[in-house]
>>> print(open('target_5.cif').read())   # mmCIF, C-alpha atoms (C1' of nucleotides)
data_entry
loop_
_atom_site.label_atom_id
_atom_site.label_comp_id
_atom_site.auth_asym_id
_atom_site.auth_seq_id
_atom_site.Cartn_x
_atom_site.Cartn_y
_atom_site.Cartn_z
CA MET A 1 36.72 -15.61 -23.61
CA ALA A 2 37.94 -17.92 -20.92
CA ARG A 3 36.36 -21.31 -21.14
CA ALA A 4 33.95 -21.54 -18.23
CA VAL A 5 34.84 -24.16 -15.68
CA PRO A 6 32.44 -27.01 -16.48
CA ASP A 7 30.27 -27.24 -13.39
CA THR A 8 29.35 -30.85 -13.91
CA HIS A 9 28.04 -31.20 -10.39
CA GLY A 10 25.59 -28.37 -10.89
CA GLU A 11 24.61 -29.55 -14.34
CA ILE A 12 23.76 -32.98 -13.01
CA LEU A 13 21.70 -31.42 -10.25
CA ALA A 14 19.80 -29.25 -12.70
CA ALA A 15 19.19 -32.12 -15.10
CA ALA A 16 18.00 -34.33 -12.26
CA ALA A 17 15.60 -31.62 -11.12
CA ARG A 18 14.11 -31.37 -14.59
CA GLN A 19 13.81 -35.11 -15.08
CA PHE A 20 12.44 -35.81 -11.61
CA THR A 21 9.65 -33.29 -12.07
CA VAL A 22 8.63 -34.90 -15.33
CA THR A 23 8.97 -38.61 -14.63
CA GLY A 24 9.32 -38.72 -10.86
CA TYR A 25 12.19 -39.98 -8.75
CA ARG A 26 11.73 -43.65 -9.35
CA GLY A 27 10.78 -43.10 -12.94
CA THR A 28 14.07 -41.38 -13.71
CA SER A 29 17.17 -43.50 -14.11
CA LEU A 30 20.72 -42.35 -13.59
CA GLN A 31 21.21 -43.13 -17.26
CA ASP A 32 18.48 -40.63 -18.16
CA ILE A 33 20.18 -37.91 -16.15
CA ALA A 34 23.60 -38.71 -17.58
CA ARG A 35 22.19 -38.61 -21.10
CA GLU A 36 20.72 -35.14 -20.60
CA VAL A 37 23.95 -33.81 -19.11
CA GLY A 38 25.98 -35.47 -21.81
CA CYS A 39 28.18 -37.55 -19.56
CA SER A 40 28.34 -41.16 -18.45
CA LYS A 41 26.31 -42.70 -15.68
CA ALA A 42 29.56 -43.33 -13.85
CA THR A 43 30.19 -39.59 -13.81
CA VAL A 44 26.87 -38.99 -12.09
CA LEU A 45 27.90 -41.50 -9.45
CA TYR A 46 31.29 -39.86 -9.17
CA HIS A 47 29.69 -36.58 -8.13
CA PHE A 48 26.97 -38.11 -5.95
CA ALA A 49 27.39 -41.08 -3.67
CA ASN A 50 24.15 -42.61 -4.94
CA LYS A 51 20.78 -41.73 -6.35
CA GLU A 52 19.37 -40.92 -2.94
CA ALA A 53 22.15 -38.43 -2.21
CA LEU A 54 21.30 -36.67 -5.46
CA LEU A 55 17.70 -36.32 -4.36
CA ALA A 56 18.70 -35.21 -0.87
CA GLU A 57 20.88 -32.40 -2.19
CA LEU A 58 18.07 -31.35 -4.49
CA MET A 59 15.54 -31.17 -1.68
CA ALA A 60 17.78 -29.65 0.98
CA PRO A 61 16.71 -26.02 0.57
CA ALA A 62 13.02 -26.86 0.64
CA ILE A 63 13.47 -29.02 3.69
CA GLY A 64 15.33 -26.23 5.45
CA VAL A 65 12.46 -23.84 4.88
CA LEU A 66 10.00 -26.48 6.05
CA ARG A 67 12.00 -26.87 9.25
CA ASP A 68 11.95 -23.11 9.81
CA LEU A 69 8.20 -23.08 9.41
CA ASP A 70 7.93 -25.91 11.91
CA ASP A 71 9.95 -23.89 14.40
CA ARG A 72 7.76 -20.85 13.94
CA LEU A 73 4.70 -22.99 14.66
CA THR A 74 5.80 -24.28 18.03
CA GLY A 75 3.66 -22.86 20.80
CA LEU A 76 1.05 -21.35 18.50
CA THR A 77 -2.55 -22.53 18.78
CA GLY A 78 -5.94 -21.80 17.29
CA THR A 79 -6.36 -19.10 14.70
CA ALA A 80 -2.80 -17.86 15.07
CA ALA A 81 -1.45 -21.32 14.22
CA GLN A 82 -3.80 -21.58 11.27
CA GLU A 83 -2.70 -18.28 9.84
CA VAL A 84 1.02 -18.94 10.21
CA ALA A 85 0.64 -22.44 8.81
CA ALA A 86 -1.37 -21.18 5.87
CA GLU A 87 0.97 -18.36 4.96
CA GLY A 88 4.07 -20.40 5.57
CA PHE A 89 3.02 -23.42 3.62
CA VAL A 90 1.60 -21.51 0.70
CA ASP A 91 4.81 -19.56 0.40
CA LEU A 92 6.89 -22.72 0.66
CA ALA A 93 4.76 -24.58 -1.87
CA VAL A 94 4.98 -21.77 -4.38
CA ARG A 95 8.69 -21.16 -4.00
CA PHE A 96 9.54 -24.82 -4.22
CA ARG A 97 6.92 -25.88 -6.75
CA ARG A 98 9.46 -27.88 -8.66
CA GLU A 99 10.98 -29.65 -5.69
CA ILE A 100 7.61 -30.60 -4.33
CA ALA A 101 6.52 -31.92 -7.69
CA VAL A 102 9.48 -34.27 -7.55
CA LEU A 103 7.90 -36.12 -4.68
CA ARG A 104 4.81 -36.69 -6.74
CA GLY A 105 3.23 -39.54 -4.89
CA GLU A 106 6.49 -41.15 -3.95
CA PHE A 107 6.26 -39.81 -0.46
CA PRO A 108 5.62 -43.09 1.38
CA GLU A 109 8.71 -44.80 0.08
CA LEU A 110 10.96 -41.77 0.08
CA LEU A 111 10.10 -40.91 3.65
CA CYS A 112 11.69 -44.17 4.73
CA GLN A 113 15.04 -42.90 3.58
CA PRO A 114 17.17 -41.43 6.37
CA ALA A 115 17.59 -38.09 4.61
CA PHE A 116 13.87 -37.41 4.98
CA ALA A 117 13.39 -38.95 8.38
CA HIS A 118 11.51 -36.13 10.09
CA ILE A 119 9.45 -34.82 7.20
CA GLN A 120 6.47 -36.95 8.09
CA GLN A 121 6.31 -35.64 11.65
CA ILE A 122 6.78 -32.06 10.53
CA SER A 123 4.00 -32.30 7.99
CA ASP A 124 1.76 -33.91 10.58
CA ARG A 125 2.37 -30.96 12.88
CA LEU A 126 1.75 -28.61 9.98
CA ARG A 127 -1.58 -30.26 9.32
CA ASP A 128 -2.55 -30.02 12.97
CA ALA A 129 -1.67 -26.35 13.00
CA LEU A 130 -3.73 -25.68 9.87
CA ALA A 131 -6.62 -27.44 11.58
CA GLY A 132 -6.21 -25.07 14.50
CA HIS A 133 -5.27 -28.10 16.60
CA SER A 134 -8.91 -29.10 16.52
CA ASP A 135 -9.69 -32.79 16.46
CA ARG A 136 -13.00 -32.33 14.71
CA PRO A 137 -13.00 -34.50 11.59
CA GLY A 138 -14.08 -31.57 9.44
CA ALA A 139 -11.08 -29.54 10.50
CA ARG A 140 -8.64 -32.38 10.04
CA ILE A 141 -10.04 -33.27 6.64
CA ALA A 142 -9.99 -29.70 5.41
CA ALA A 143 -6.40 -29.27 6.51
CA LEU A 144 -5.21 -32.44 4.81
CA VAL A 145 -7.11 -31.77 1.61
CA LEU A 146 -5.65 -28.29 1.39
CA LEU A 147 -2.08 -29.33 2.10
CA ALA A 148 -2.22 -32.26 -0.29
CA GLY A 149 -4.05 -30.30 -2.93
CA ILE A 150 -1.66 -27.38 -2.83
CA SER A 151 1.34 -29.67 -3.01
CA GLU A 152 -0.12 -31.52 -5.94
CA ALA A 153 -1.48 -28.53 -7.77
CA CYS A 154 1.41 -26.11 -7.50
CA GLY A 155 3.47 -27.80 -10.16
CA GLU A 156 0.64 -27.60 -12.66
CA PHE A 157 0.47 -23.83 -12.89
CA ALA A 158 3.75 -23.07 -14.58
CA ASP A 159 2.05 -20.25 -16.43
CA ILE A 160 1.14 -18.30 -13.29
CA THR A 161 3.60 -16.02 -11.54
CA ASP A 162 4.69 -16.76 -8.01
CA ASP A 163 2.91 -13.73 -6.61
CA ASP A 164 -0.38 -14.45 -8.32
CA LEU A 165 -0.30 -18.10 -7.34
CA ARG A 166 0.59 -17.26 -3.77
CA SER A 167 -2.23 -14.79 -3.29
CA ALA A 168 -4.77 -17.04 -4.98
CA LEU A 169 -3.81 -19.98 -2.81
CA LEU A 170 -3.83 -17.94 0.35
CA THR A 171 -7.28 -16.62 -0.44
CA LEU A 172 -8.46 -20.15 -1.07
CA VAL A 173 -7.01 -21.49 2.15
CA ARG A 174 -8.50 -18.72 4.25
CA ARG A 175 -11.87 -19.35 2.64
CA ALA A 176 -11.65 -23.12 2.97
CA VAL A 177 -10.10 -23.69 6.34
CA GLU A 178 -12.56 -24.63 9.04
CA PRO A 179 -12.73 -21.82 11.58
CA VAL A 180 -11.56 -23.09 14.92
CA ASP A 181 -13.25 -20.52 17.13
CA ALA A 182 -16.66 -21.62 18.31
CA ALA A 183 -17.25 -17.88 18.64
CA LEU A 184 -18.56 -17.70 15.11
CA PRO A 185 -20.77 -20.73 14.54
CA GLN A 186 -21.81 -21.27 10.96
CA GLN A 187 -25.10 -22.73 9.92
CA PRO A 188 -25.20 -26.40 10.87
CA THR A 189 -24.76 -28.70 7.91
CA THR A 190 -27.54 -31.06 6.83
CA GLU A 191 -27.12 -33.39 9.76
CA ASP A 192 -24.91 -33.07 12.80
CA LYS A 193 -25.49 -36.04 15.01
CA ASP A 194 -22.77 -37.02 17.48
CA SER A 195 -23.52 -40.67 17.94
CA MET B 1 -17.98 -79.75 3.13
CA ALA B 2 -17.54 -79.07 -0.54
CA ARG B 3 -14.23 -77.46 -1.30
CA ALA B 4 -14.93 -73.91 -2.40
CA VAL B 5 -13.99 -73.23 -5.97
CA PRO B 6 -10.68 -71.37 -5.69
CA ASP B 7 -11.38 -68.01 -7.31
CA THR B 8 -7.78 -67.34 -8.21
CA HIS B 9 -8.71 -64.53 -10.55
CA GLY B 10 -10.50 -62.69 -7.77
CA GLU B 11 -7.79 -63.41 -5.25
CA ILE B 12 -5.17 -61.94 -7.54
CA LEU B 13 -7.32 -58.88 -8.08
CA ALA B 14 -7.80 -58.40 -4.35
CA ALA B 15 -4.12 -58.91 -3.57
CA ALA B 16 -3.16 -56.48 -6.29
CA ALA B 17 -5.56 -53.90 -4.88
CA ARG B 18 -4.00 -54.23 -1.45
CA GLN B 19 -0.45 -54.07 -2.69
CA PHE B 20 -1.04 -51.23 -5.12
CA THR B 21 -2.50 -49.05 -2.39
CA VAL B 22 0.52 -49.65 -0.18
CA THR B 23 3.42 -49.52 -2.60
CA GLY B 24 1.85 -48.04 -5.72
CA TYR B 25 1.48 -49.55 -9.17
CA ARG B 26 5.07 -49.32 -10.24
CA GLY B 27 6.30 -50.20 -6.79
CA THR B 28 4.47 -53.50 -6.80
CA SER B 29 5.89 -56.37 -8.82
CA LEU B 30 3.94 -59.29 -10.21
CA GLN B 31 6.11 -61.41 -7.96
CA ASP B 32 4.83 -59.53 -4.91
CA ILE B 33 1.23 -60.14 -5.91
CA ALA B 34 1.87 -63.81 -6.64
CA ARG B 35 3.56 -64.22 -3.28
CA GLU B 36 0.58 -62.80 -1.41
CA VAL B 37 -1.86 -64.98 -3.32
CA GLY B 38 0.36 -68.00 -2.89
CA CYS B 39 0.77 -68.80 -6.55
CA SER B 40 3.43 -68.32 -9.17
CA LYS B 41 4.02 -65.18 -11.15
CA ALA B 42 3.15 -67.15 -14.26
CA THR B 43 -0.29 -67.79 -12.80
CA VAL B 44 -0.88 -64.08 -12.42
CA LEU B 45 0.00 -63.68 -16.07
CA TYR B 46 -2.25 -66.57 -16.97
CA HIS B 47 -5.26 -64.75 -15.54
CA PHE B 48 -4.29 -61.29 -16.78
CA ALA B 49 -2.72 -60.53 -20.13
CA ASN B 50 -0.21 -58.25 -18.47
CA LYS B 51 0.30 -55.95 -15.52
CA GLU B 52 -1.57 -53.13 -17.19
CA ALA B 53 -4.63 -55.31 -17.76
CA LEU B 54 -4.64 -56.14 -14.07
CA LEU B 55 -4.70 -52.46 -13.20
CA ALA B 56 -7.34 -51.75 -15.82
CA GLU B 57 -9.71 -54.37 -14.43
CA LEU B 58 -9.11 -52.98 -10.96
CA MET B 59 -9.97 -49.45 -12.01
CA ALA B 60 -12.84 -50.26 -14.33
CA PRO B 61 -15.70 -49.60 -11.88
CA ALA B 62 -14.27 -46.28 -10.78
CA ILE B 63 -13.70 -45.24 -14.37
CA GLY B 64 -17.27 -46.16 -15.22
CA VAL B 65 -18.61 -43.91 -12.49
CA LEU B 66 -16.29 -41.14 -13.61
CA ARG B 67 -17.66 -41.46 -17.14
CA ASP B 68 -21.21 -41.26 -15.84
CA LEU B 69 -20.34 -38.10 -13.95
CA ASP B 70 -18.83 -36.66 -17.08
CA ASP B 71 -22.05 -37.36 -18.98
CA ARG B 72 -24.14 -35.69 -16.31
CA LEU B 73 -21.96 -32.59 -16.58
CA THR B 74 -22.43 -32.00 -20.30
CA GLY B 75 -24.43 -28.87 -20.92
CA LEU B 76 -24.33 -27.63 -17.34
CA THR B 77 -22.72 -24.29 -16.59
CA GLY B 78 -22.10 -21.97 -13.67
CA THR B 79 -23.35 -22.86 -10.24
CA ALA B 80 -25.26 -25.90 -11.45
CA ALA B 81 -22.11 -27.38 -12.93
CA GLN B 82 -20.19 -26.63 -9.76
CA GLU B 83 -22.74 -28.35 -7.56
CA VAL B 84 -23.00 -31.47 -9.71
CA ALA B 85 -19.24 -31.68 -10.06
CA ALA B 86 -18.74 -31.28 -6.33
CA GLU B 87 -21.31 -33.83 -5.28
CA GLY B 88 -20.36 -36.28 -8.00
CA PHE B 89 -16.66 -36.15 -7.43
CA VAL B 90 -16.84 -36.26 -3.66
CA ASP B 91 -19.07 -39.30 -3.87
CA LEU B 92 -16.75 -40.95 -6.37
CA ALA B 93 -13.64 -40.18 -4.36
CA VAL B 94 -15.13 -41.58 -1.18
CA ARG B 95 -16.54 -44.73 -2.74
CA PHE B 96 -13.35 -45.50 -4.60
CA ARG B 97 -10.86 -44.31 -2.01
CA ARG B 98 -8.75 -47.37 -2.49
CA GLU B 99 -8.71 -47.33 -6.27
CA ILE B 100 -7.79 -43.68 -6.35
CA ALA B 101 -5.01 -44.23 -3.86
CA VAL B 102 -3.53 -46.74 -6.29
CA LEU B 103 -2.81 -43.97 -8.72
CA ARG B 104 -0.83 -42.17 -6.07
CA GLY B 105 1.22 -39.84 -8.18
CA GLU B 106 1.63 -42.25 -11.04
CA PHE B 107 -1.00 -40.45 -13.05
CA PRO B 108 1.24 -38.93 -15.69
CA GLU B 109 2.73 -42.21 -16.80
CA LEU B 110 -0.39 -44.29 -16.34
CA LEU B 111 -2.49 -41.92 -18.39
CA CYS B 112 -0.35 -42.75 -21.38
CA GLN B 113 -1.62 -46.30 -21.33
CA PRO B 114 -4.49 -46.94 -23.73
CA ALA B 115 -6.80 -48.22 -21.00
CA PHE B 116 -6.84 -44.78 -19.41
CA ALA B 117 -6.79 -42.76 -22.58
CA HIS B 118 -9.67 -40.41 -21.84
CA ILE B 119 -9.22 -39.93 -18.11
CA GLN B 120 -7.15 -36.82 -18.55
CA GLN B 121 -9.76 -35.10 -20.69
CA ILE B 122 -12.56 -36.11 -18.35
CA SER B 123 -10.78 -34.78 -15.31
CA ASP B 124 -9.99 -31.57 -17.17
CA ARG B 125 -13.70 -31.15 -17.88
CA LEU B 126 -14.45 -31.96 -14.26
CA ARG B 127 -12.09 -29.27 -13.12
CA ASP B 128 -13.63 -26.75 -15.48
CA ALA B 129 -17.06 -27.62 -14.17
CA LEU B 130 -15.95 -27.22 -10.56
CA ALA B 131 -14.54 -23.83 -11.51
CA GLY B 132 -17.94 -22.92 -12.90
CA HIS B 133 -16.30 -22.75 -16.32
CA SER B 134 -14.71 -19.52 -15.22
CA ASP B 135 -11.24 -18.75 -16.53
CA ARG B 136 -10.31 -16.63 -13.55
CA PRO B 137 -7.05 -17.98 -12.08
CA GLY B 138 -8.56 -18.08 -8.62
CA ALA B 139 -11.39 -20.31 -9.76
CA ARG B 140 -9.12 -22.63 -11.73
CA ILE B 141 -6.65 -22.90 -8.88
CA ALA B 142 -9.32 -23.61 -6.29
CA ALA B 143 -10.85 -26.32 -8.45
CA LEU B 144 -7.54 -28.06 -9.06
CA VAL B 145 -6.44 -27.85 -5.44
CA LEU B 146 -9.73 -29.33 -4.30
CA LEU B 147 -9.77 -32.16 -6.82
CA ALA B 148 -6.15 -33.07 -6.22
CA GLY B 149 -6.46 -32.69 -2.48
CA ILE B 150 -9.55 -34.83 -2.22
CA SER B 151 -7.99 -37.53 -4.37
CA GLU B 152 -4.85 -37.52 -2.34
CA ALA B 153 -6.47 -37.22 1.05
CA CYS B 154 -9.29 -39.72 0.76
CA GLY B 155 -7.09 -42.73 1.23
CA GLU B 156 -5.67 -41.35 4.44
CA PHE B 157 -8.89 -41.40 6.41
CA ALA B 158 -9.48 -45.10 6.73
CA ASP B 159 -10.91 -44.51 10.20
CA ILE B 160 -13.77 -42.31 9.00
CA THR B 161 -16.98 -43.77 7.63
CA ASP B 162 -18.00 -43.10 4.06
CA ASP B 163 -20.95 -40.97 5.11
CA ASP B 164 -18.97 -38.78 7.48
CA LEU B 165 -16.17 -38.33 5.02
CA ARG B 166 -18.57 -37.51 2.22
CA SER B 167 -20.42 -34.84 4.14
CA ALA B 168 -17.24 -33.29 5.51
CA LEU B 169 -15.70 -33.10 2.04
CA LEU B 170 -18.84 -31.68 0.50
CA THR B 171 -19.02 -28.99 3.17
CA LEU B 172 -15.39 -28.16 2.52
CA VAL B 173 -15.82 -27.96 -1.24
CA ARG B 174 -18.87 -25.72 -0.99
CA ARG B 175 -17.00 -23.45 1.38
CA ALA B 176 -13.84 -23.41 -0.69
CA VAL B 177 -15.02 -23.23 -4.25
CA GLU B 178 -14.88 -19.80 -5.78
CA PRO B 179 -18.43 -18.64 -6.41
CA VAL B 180 -18.96 -18.02 -10.09
CA ASP B 181 -22.14 -15.94 -10.02
CA ALA B 182 -21.61 -12.26 -9.34
CA ALA B 183 -25.27 -12.40 -8.35
CA LEU B 184 -24.56 -13.54 -4.85
CA PRO B 185 -21.52 -11.68 -3.64
CA GLN B 186 -20.26 -12.74 -0.25
CA GLN B 187 -18.36 -10.44 2.01
CA PRO B 188 -15.21 -9.42 0.15
CA THR B 189 -12.12 -11.09 1.45
CA THR B 190 -9.23 -9.00 2.72
CA GLU B 191 -8.21 -7.78 -0.70
CA ASP B 192 -9.98 -8.11 -4.01
CA LYS B 193 -8.05 -6.29 -6.67
CA ASP B 194 -8.55 -7.34 -10.29
CA SER B 195 -5.28 -6.24 -11.80
"C1'" DT C 1 -10.97 -94.87 -21.84
"C1'" DC C 2 -9.63 -91.03 -24.05
"C1'" DA C 3 -9.57 -86.15 -25.80
"C1'" DG C 4 -9.59 -81.65 -24.74
"C1'" DA C 5 -10.34 -77.57 -21.96
"C1'" DC C 6 -8.76 -75.46 -18.07
"C1'" DC C 7 -5.45 -74.23 -14.51
"C1'" DC C 8 -1.00 -73.83 -13.02
"C1'" DT C 9 4.16 -73.99 -12.85
"C1'" DG C 10 9.48 -73.81 -13.24
"C1'" DA C 11 12.70 -72.40 -16.19
"C1'" DC C 12 14.00 -69.09 -18.93
"C1'" DC C 13 14.37 -64.52 -21.71
"C1'" DG C 14 15.96 -59.73 -22.76
"C1'" DA C 15 15.93 -55.34 -20.72
"C1'" DT C 16 16.97 -52.20 -17.25
"C1'" DC C 17 18.07 -50.91 -12.79
"C1'" DG C 18 21.66 -48.86 -9.17
"C1'" DG C 19 26.20 -49.37 -8.30
"C1'" DT C 20 31.50 -50.79 -8.67
"C1'" DC C 21 36.04 -50.62 -10.50
"C1'" DA C 22 40.35 -50.27 -12.91
"C1'" DG C 23 42.24 -47.31 -15.73
"C1'" DA C 24 42.70 -43.23 -19.10
"C1'" DC C 25 43.11 -38.35 -19.58
"C1'" DT C 26 44.39 -33.65 -18.03
"C1'" DG C 27 46.45 -29.75 -15.80
"C1'" DA C 28 49.16 -27.82 -12.05
"C1'" DG C 29 53.36 -27.92 -9.06
"C1'" DG C 30 57.86 -29.32 -7.87
"C1'" DC D 1 60.62 -34.31 -16.53
"C1'" DC D 2 57.74 -36.73 -13.22
"C1'" DT D 3 54.06 -36.93 -9.80
"C1'" DC D 4 49.73 -36.58 -8.19
"C1'" DA D 5 45.06 -35.22 -7.47
"C1'" DG D 6 40.86 -34.45 -9.80
"C1'" DT D 7 37.74 -35.83 -13.37
"C1'" DC D 8 35.70 -38.96 -16.29
"C1'" DT D 9 34.69 -43.37 -18.69
"C1'" DG D 10 33.60 -48.24 -20.59
"C1'" DA D 11 33.01 -52.53 -19.02
"C1'" DC D 12 31.04 -55.08 -15.87
"C1'" DC D 13 28.17 -56.86 -11.72
"C1'" DG D 14 24.11 -58.88 -9.31
"C1'" DA D 15 19.39 -58.05 -8.77
"C1'" DT D 16 14.95 -57.43 -10.41
"C1'" DC D 17 11.66 -56.33 -13.69
"C1'" DG D 18 7.60 -57.82 -17.04
"C1'" DG D 19 6.76 -61.38 -19.92
"C1'" DT D 20 7.10 -66.16 -22.64
"C1'" DC D 21 6.83 -71.01 -23.16
"C1'" DA D 22 6.57 -75.95 -23.02
"C1'" DG D 23 4.65 -79.02 -20.38
"C1'" DG D 24 2.38 -81.30 -16.18
"C1'" DG D 25 -2.00 -82.03 -13.39
"C1'" DT D 26 -6.89 -82.34 -13.10
"C1'" DC D 27 -11.55 -82.41 -14.25
"C1'" DT D 28 -15.38 -83.34 -17.44
"C1'" DG D 29 -18.05 -85.08 -21.07
"C1'" DA D 30 -18.28 -88.09 -24.95
#
>>> encode(input="target_5.cif", output="structure tokens")
Amino acid sequence: MARAVPDTHGEILAAAARQFTVTGYRGTSLQDIAREVGCSKATVLYHFANKEALLAELMAPAIGVLRDLDDRLTGLTGTAAQEVAAEGFVDLAVRFRREIAVLRGEFPELLCQPAFAHIQQISDRLRDALAGHSDRPGARIAALVLLAGISEACGEFADITDDDLRSALLTLVRRAVEPVDAALPQQPTTEDKDS
Amino acid sequence: MARAVPDTHGEILAAAARQFTVTGYRGTSLQDIAREVGCSKATVLYHFANKEALLAELMAPAIGVLRDLDDRLTGLTGTAAQEVAAEGFVDLAVRFRREIAVLRGEFPELLCQPAFAHIQQISDRLRDALAGHSDRPGARIAALVLLAGISEACGEFADITDDDLRSALLTLVRRAVEPVDAALPQQPTTEDKDS
DNA sequence: TCAGACCCTGACCGATCGGTCAGACTGAGG
DNA sequence: CCTCAGTCTGACCGATCGGTCAGGGTCTGA
């Protein structure tokens, strides 16, 4: 059979994805990646301008989907925004479990890099949408906890199929999100003083 | 006035806490800490055997409380376990917002260090308790999302008082956790197929 | 006055990091 | 045959990391 063209570029990308999910971006050296691929560190830097470019190419698809979701959210408010945000983010988190796991806690530093310039604003808008654009602390807190928790947790359930994980998460979010409509007031919690 | 005894040890600890929460454990060098304190790096290593020992002393109180919670959970099952786990963890997360933020995503590596040997097992037990010791995927997923989300999110709400944050989180957890007892069935959500 | 504990430091160490560079190898085209 | 572009590499760079070490100040108690 014809010797397959050695797709070194793709192999490096795949190896980087694996390593990043295990030891994080900063915790993975170019040497580590080169070792797994079976090439030299210089080869990695021949195919990618620098370490950041490698990460950027790895995250590009996920970021594209995140941008699409952001577009779909513009103009929506209240329950409609919550539902779109919930479905959209759950789907994104499940599909890109691995990519999201890469950012494990390295968000603050990574977001400073130009390739990820607008992520912070997008995820802020996403959180607002999930909170139904309410400024009640309970709504904001619930939204952030859910987004952060889903991001963090998705990578842990490698044994669960995408469909199962998606439906379980969506059920959870719908149950957990603070309803924005005052139309259905729930029982007041222990104390509700607006000082 | 009498010159106050310079509590270098405490100053280093405080500076480390500040820096760790901003740039993470690995992202903070001993040099950074020394610079903030206004001493040499060698001084930092005079007061603490090594970087890990500095982190360990910083986390000790939080770990103690976590251990206590773990003790209180032994023997509990079902709803009782869920309630104790929820209250205990929310309280812990709020009180030690800063300490928890330090571990921002560096859990996997840090847990390998001897000082944090049993944390993983404790948090596994905590998750099981919050899931009511159910092995249903939905329950496990909800528990993990909530624990991870609360850990991640707590540090973000510096503008909210402990009490407000605690009650908001507790309300969220009670709303979001998957009820374990079939005894009190709530209205079935959109779809409830047990495949 | 002196010894010793305590506190602190500059200089230094080996390791590792991301990144550069000149050059070797290879295969296709003229 | 030669050329040339594409691919890859070992050697090397400066920076930074955590950590060591010998020694200098300072205070206290005998």
>>> atom_distance(input="target_5.cif", atom1="atom C1' of C:DG30", atom2="atom C1' of D:DC8")
25.6 Å
>>> resolve_selection(input="target_5.cif", expression="the PyMOL selection byres ((chain B) within 9 of (chain C))", output="list in words")
Cys39, Ser40, Lys41, Ala42, Thr43 and Tyr46 of chain B
>>> resolve_selection(input="target_5.cif", expression="the PyMOL selection byres ((chain B and resi 123) around 12)", output="PyMOL selection string")
chain B and resi 63+66-67+69-70+73+85+89+107+111+116-122+124-130+143-144+147-148+151
>>> write_last_selection(input="target_5.cif", atoms="C-alpha atoms", output="short mmCIF file (atom, residue, chain, number, x, y, z; two decimals), keeping the file's coordinate frame")
data_model
loop_
_atom_site.label_atom_id
_atom_site.label_comp_id
_atom_site.auth_asym_id
_atom_site.auth_seq_id
_atom_site.Cartn_x
_atom_site.Cartn_y
_atom_site.Cartn_z
CA ILE B 63 -13.70 -45.24 -14.37
CA LEU B 66 -16.29 -41.14 -13.61
CA ARG B 67 -17.66 -41.46 -17.14
CA LEU B 69 -20.34 -38.10 -13.95
CA ASP B 70 -18.83 -36.66 -17.08
CA LEU B 73 -21.96 -32.59 -16.58
CA ALA B 85 -19.24 -31.68 -10.06
CA PHE B 89 -16.66 -36.15 -7.43
CA PHE B 107 -1.00 -40.45 -13.05
CA LEU B 111 -2.49 -41.92 -18.39
CA PHE B 116 -6.84 -44.78 -19.41
CA ALA B 117 -6.79 -42.76 -22.58
CA HIS B 118 -9.67 -40.41 -21.84
CA ILE B 119 -9.22 -39.93 -18.11
CA GLN B 120 -7.15 -36.82 -18.55
CA GLN B 121 -9.76 -35.10 -20.69
CA ILE B 122 -12.56 -36.11 -18.35
CA ASP B 124 -9.99 -31.57 -17.17
CA ARG B 125 -13.70 -31.15 -17.88
CA LEU B 126 -14.45 -31.96 -14.26
CA ARG B 127 -12.09 -29.27 -13.12
CA ASP B 128 -13.63 -26.75 -15.48
CA ALA B 129 -17.06 -27.62 -14.17
CA LEU B 130 -15.95 -27.22 -10.56
CA ALA B 143 -10.85 -26.32 -8.45
CA LEU B 144 -7.54 -28.06 -9.06
CA LEU B 147 -9.77 -32.16 -6.82
CA ALA B 148 -6.15 -33.07 -6.22
CA SER B 151 -7.99 -37.53 -4.37
#
>>> calpha_fit_rmsd(input="target_5.cif", fixed="chain A", moving="chain B")
1.0 Å
>>> closest_residue(input="target_5.cif", among="B:Asp162, B:Val102, B:Met59, B:Asp91", to="B:Thr28", atoms="only C-alpha atoms")
B:Val102
>>> closest_atom_pairs(input="target_5.cif", of="chain D", to="chain B", cutoff="9 Å", atoms="only C-alpha atoms (C1' of nucleotides)", output="tab-separated table")
residue	atom	partner	partner_atom	distance
D:DC17	C1'	B:Ser29	CA	7.6
D:DG18	C1'	B:Lys51	CA	7.7
D:DG19	C1'	B:Asn50	CA	7.8
>>> axis_aligned_box(input="target_5.cif", around="stretch 4-22 of chain C", padding_each_side="3 Å", output="JSON")
{"center_x": 15.0, "center_y": -65.3, "center_z": -16.5, "size_x": 56.7, "size_y": 38.8, "size_z": 22.4}
>>> closest_residue(input="target_5.cif", among="A:Ala93, A:Cys154, A:Ala14, A:Leu76", to="chain B", atoms="all atoms listed in the file")
A:Cys154
>>> closest_atom_pairs(input="target_5.cif", of="chain B", to="chain A", cutoff="6 Å", atoms="all atoms listed in the file", output="tab-separated table")
residue	atom	partner	partner_atom	distance
B:Arg104	CA	A:Gly105	CA	5.0
B:Gly105	CA	A:Gly105	CA	3.9
B:Gly138	CA	A:Ala168	CA	5.4
B:Val145	CA	A:Gly149	CA	4.2
B:Leu146	CA	A:Gly149	CA	5.9
B:Ala148	CA	A:Gly149	CA	4.8
B:Gly149	CA	A:Gly149	CA	3.4
B:Ile150	CA	A:Val145	CA	5.5
B:Ala153	CA	A:Val145	CA	5.5
B:Ala168	CA	A:Gly138	CA	5.3
B:Arg175	CA	A:Ala176	CA	5.6
B:Ala176	CA	A:Ala176	CA	4.3
>>> atom_distance(input="target_5.cif", atom1="atom CA of A:Thr8", atom2="atom CA of A:Arg98")
20.8 Å
>>> atom_distance(input="target_5.cif", atom1="atom CA of B:Asp71", atom2="atom CA of B:Thr21")
28.2 Å
